[in-house]
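> Take a look at the following structure, please.
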Amino acid sequence: MASTDEQDPRIAKIAKAIRVIPDFPKPGILFQDITTLLLDIKAFRDTIDLFVERYRGKDISVVAGIEARGFIFGPPIALAIGAKFVPMRKPKKLPGEVISEEYSLEYGTDKIEMHVGAVEAGERALVIDDLIATGGTLCAAIRLLERVGVEVVECACVIELQGLKGRERLGGKPLFVLVNAMA
């Protein structure tokens, strides 16, 4: 079960709306299922509102959402704070010219990509995903954006899996999380 920051009562409701499925996709994994959060209109709205409250007025021009669940949270946040949304996709999913960044997985490597020209040097970005585990995907997103001169202001996730040390891999980049869960 997820633990929460008791400072804001909305966070406890968000944590409660996230279903934990044991042994998925393999034995020993406690899968954090956000689909139940999306079914709870109030908890989903509160999730978006908490991020918007944090980032409104921070001069963020880009919200970069990591495939696929960063696509759920990123666009409404971007619209609310007056920023553009940039999808960070898995390889061969974007139709135009792309730049990519490779990252390590437990069992190999993967890449994320974004369109060339989607961001410009000097822009300020928020990187968002549903969950941080080991931090590999977020690190790749940070590197990709910084390679083209974008300042990554912060990373944000609904859930942080405690014990996997993903936060430590972000190279000092701030990470804002609503719910802490056991890995």
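We label chains A, B, ... in the order they appear in the structure tokens, count residues from 1 in each chain, and number ligands from 1 in the order shown.
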Neighbours of Val179 (chain A) within 12 Å (only C-alpha atoms; same-chain residues fewer than 3 positions away dropped), as a count of residues only?
33
> From a DSSP calculation on the backbone, collect every residue of region 42-117 of chain A in alpha helix (DSSP H) and output the set as an NGL selection string.
:A and (42-55 or 70-81)
> How many Å separate CA of Asp110 (chain A) from CA of Leu94 (chain A)?
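Separation of CA of Asp110 (chain A) and CA of Leu94 (chain A): 15.4 Å.
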> Name the residues of chain A that fall into strand (DSSP E or B) according to DSSP on the backbone, using the chain letters and numbers of this document, as a PyMOL selection string.
chain A and resi 3-4+19-22+30-33+62-66+84-89+98-105+108-115+124-132+151-162+175-182
> Please identify all polymer residues within 12 Å of Gly171 (chain A), counting only C-alpha atoms, omitting same-chain residues fewer than 6 positions from it, and present them as a PyMOL selection string.
chain A and resi 135-136+138-140+142-143+152+154-155+165
> Next, the residues of the selection above should be written as a short mmCIF file (atom, residue, chain, number, x, y, z; two decimals), in the first residue's frame with N, CA, C and O atoms.

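For reference, again.cif as written:
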```
data_model
loop_
_atom_site.label_atom_id
_atom_site.label_comp_id
_atom_site.auth_asym_id
_atom_site.auth_seq_id
_atom_site.Cartn_x
_atom_site.Cartn_y
_atom_site.Cartn_z
N GLY A 135 14.75 5.15 -12.32
CA GLY A 135 15.10 6.48 -12.82
C GLY A 135 15.70 6.51 -14.21
O GLY A 135 15.99 7.59 -14.72
N GLY A 136 15.86 5.38 -14.85
CA GLY A 136 16.50 5.34 -16.16
C GLY A 136 15.80 6.16 -17.23
O GLY A 136 16.44 6.90 -17.99
N LEU A 138 13.60 8.69 -16.83
CA LEU A 138 13.68 10.12 -16.52
C LEU A 138 15.06 10.68 -16.82
O LEU A 138 15.18 11.78 -17.36
N CYS A 139 16.10 9.93 -16.49
CA CYS A 139 17.47 10.39 -16.79
C CYS A 139 17.67 10.58 -18.29
O CYS A 139 18.28 11.56 -18.72
N ALA A 140 17.17 9.65 -19.07
CA ALA A 140 17.29 9.75 -20.53
C ALA A 140 16.55 10.99 -21.04
O ALA A 140 17.04 11.71 -21.91
N ILE A 142 15.93 13.76 -19.38
CA ILE A 142 16.71 14.93 -18.97
C ILE A 142 17.88 15.13 -19.94
O ILE A 142 18.11 16.24 -20.43
N ARG A 143 18.64 14.08 -20.21
CA ARG A 143 19.79 14.18 -21.11
C ARG A 143 19.37 14.64 -22.50
O ARG A 143 20.03 15.48 -23.12
N VAL A 152 15.98 21.73 -17.75
CA VAL A 152 14.99 20.91 -17.05
C VAL A 152 14.86 21.47 -15.63
O VAL A 152 15.79 21.39 -14.84
N GLU A 154 12.42 20.61 -13.33
CA GLU A 154 12.07 19.58 -12.35
C GLU A 154 11.48 18.39 -13.08
O GLU A 154 10.99 18.50 -14.19
N CYS A 155 11.51 17.25 -12.39
CA CYS A 155 10.80 16.06 -12.83
C CYS A 155 9.65 15.85 -11.86
O CYS A 155 9.77 16.18 -10.67
N LYS A 165 15.99 3.64 -5.59
CA LYS A 165 16.99 4.71 -5.69
C LYS A 165 16.97 5.48 -7.00
O LYS A 165 17.98 6.00 -7.45
#
```
> Between CA of Gly65 (chain A) and CA of Ala83 (chain A), what is the distance in Å, rounded to a tenth?
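The value is 12.2 Å.
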> Which is closest to Ile48 (chain A) among A:Ala141, A:Val20, A:Leu178, A:Ala68, if we use only C-alpha atoms?
A:Leu178
> Nearest residue to Gly117 (chain A) out of A:Ile21, A:Val86, A:Ile29, A:Leu105, using only C-alpha atoms?
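Under the stated criterion, the closest residue is A:Val86.
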> Record the distance separating CA of Glu101 (chain A) and CA of Ile77 (chain A), expressed in Å with one decimal.
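CA of Ile77 (chain A) lies 24.4 Å from CA of Glu101 (chain A).
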> Which residue is closest to Asp59 (chain A)? Choose from A:Ile72, A:Leu175, A:Ile41, A:Leu126 and count only C-alpha atoms.
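Under the stated criterion, the closest residue is A:Leu126.
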> Restricting the calculation to only C-alpha atoms, which member of A:Asp33, A:Lys173, A:Ala80, A:Val98 is positioned closest to Glu53 (chain A)?
A:Ala80
> Pick out the closest residue to Leu38 (chain A) from this set: A:Ile128, A:Leu79, A:Arg19, A:Pro174. Count only C-alpha atoms.
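Ranking A:Ile128, A:Leu79, A:Arg19, A:Pro174 by distance to Leu38 (chain A), first place goes to A:Arg19.
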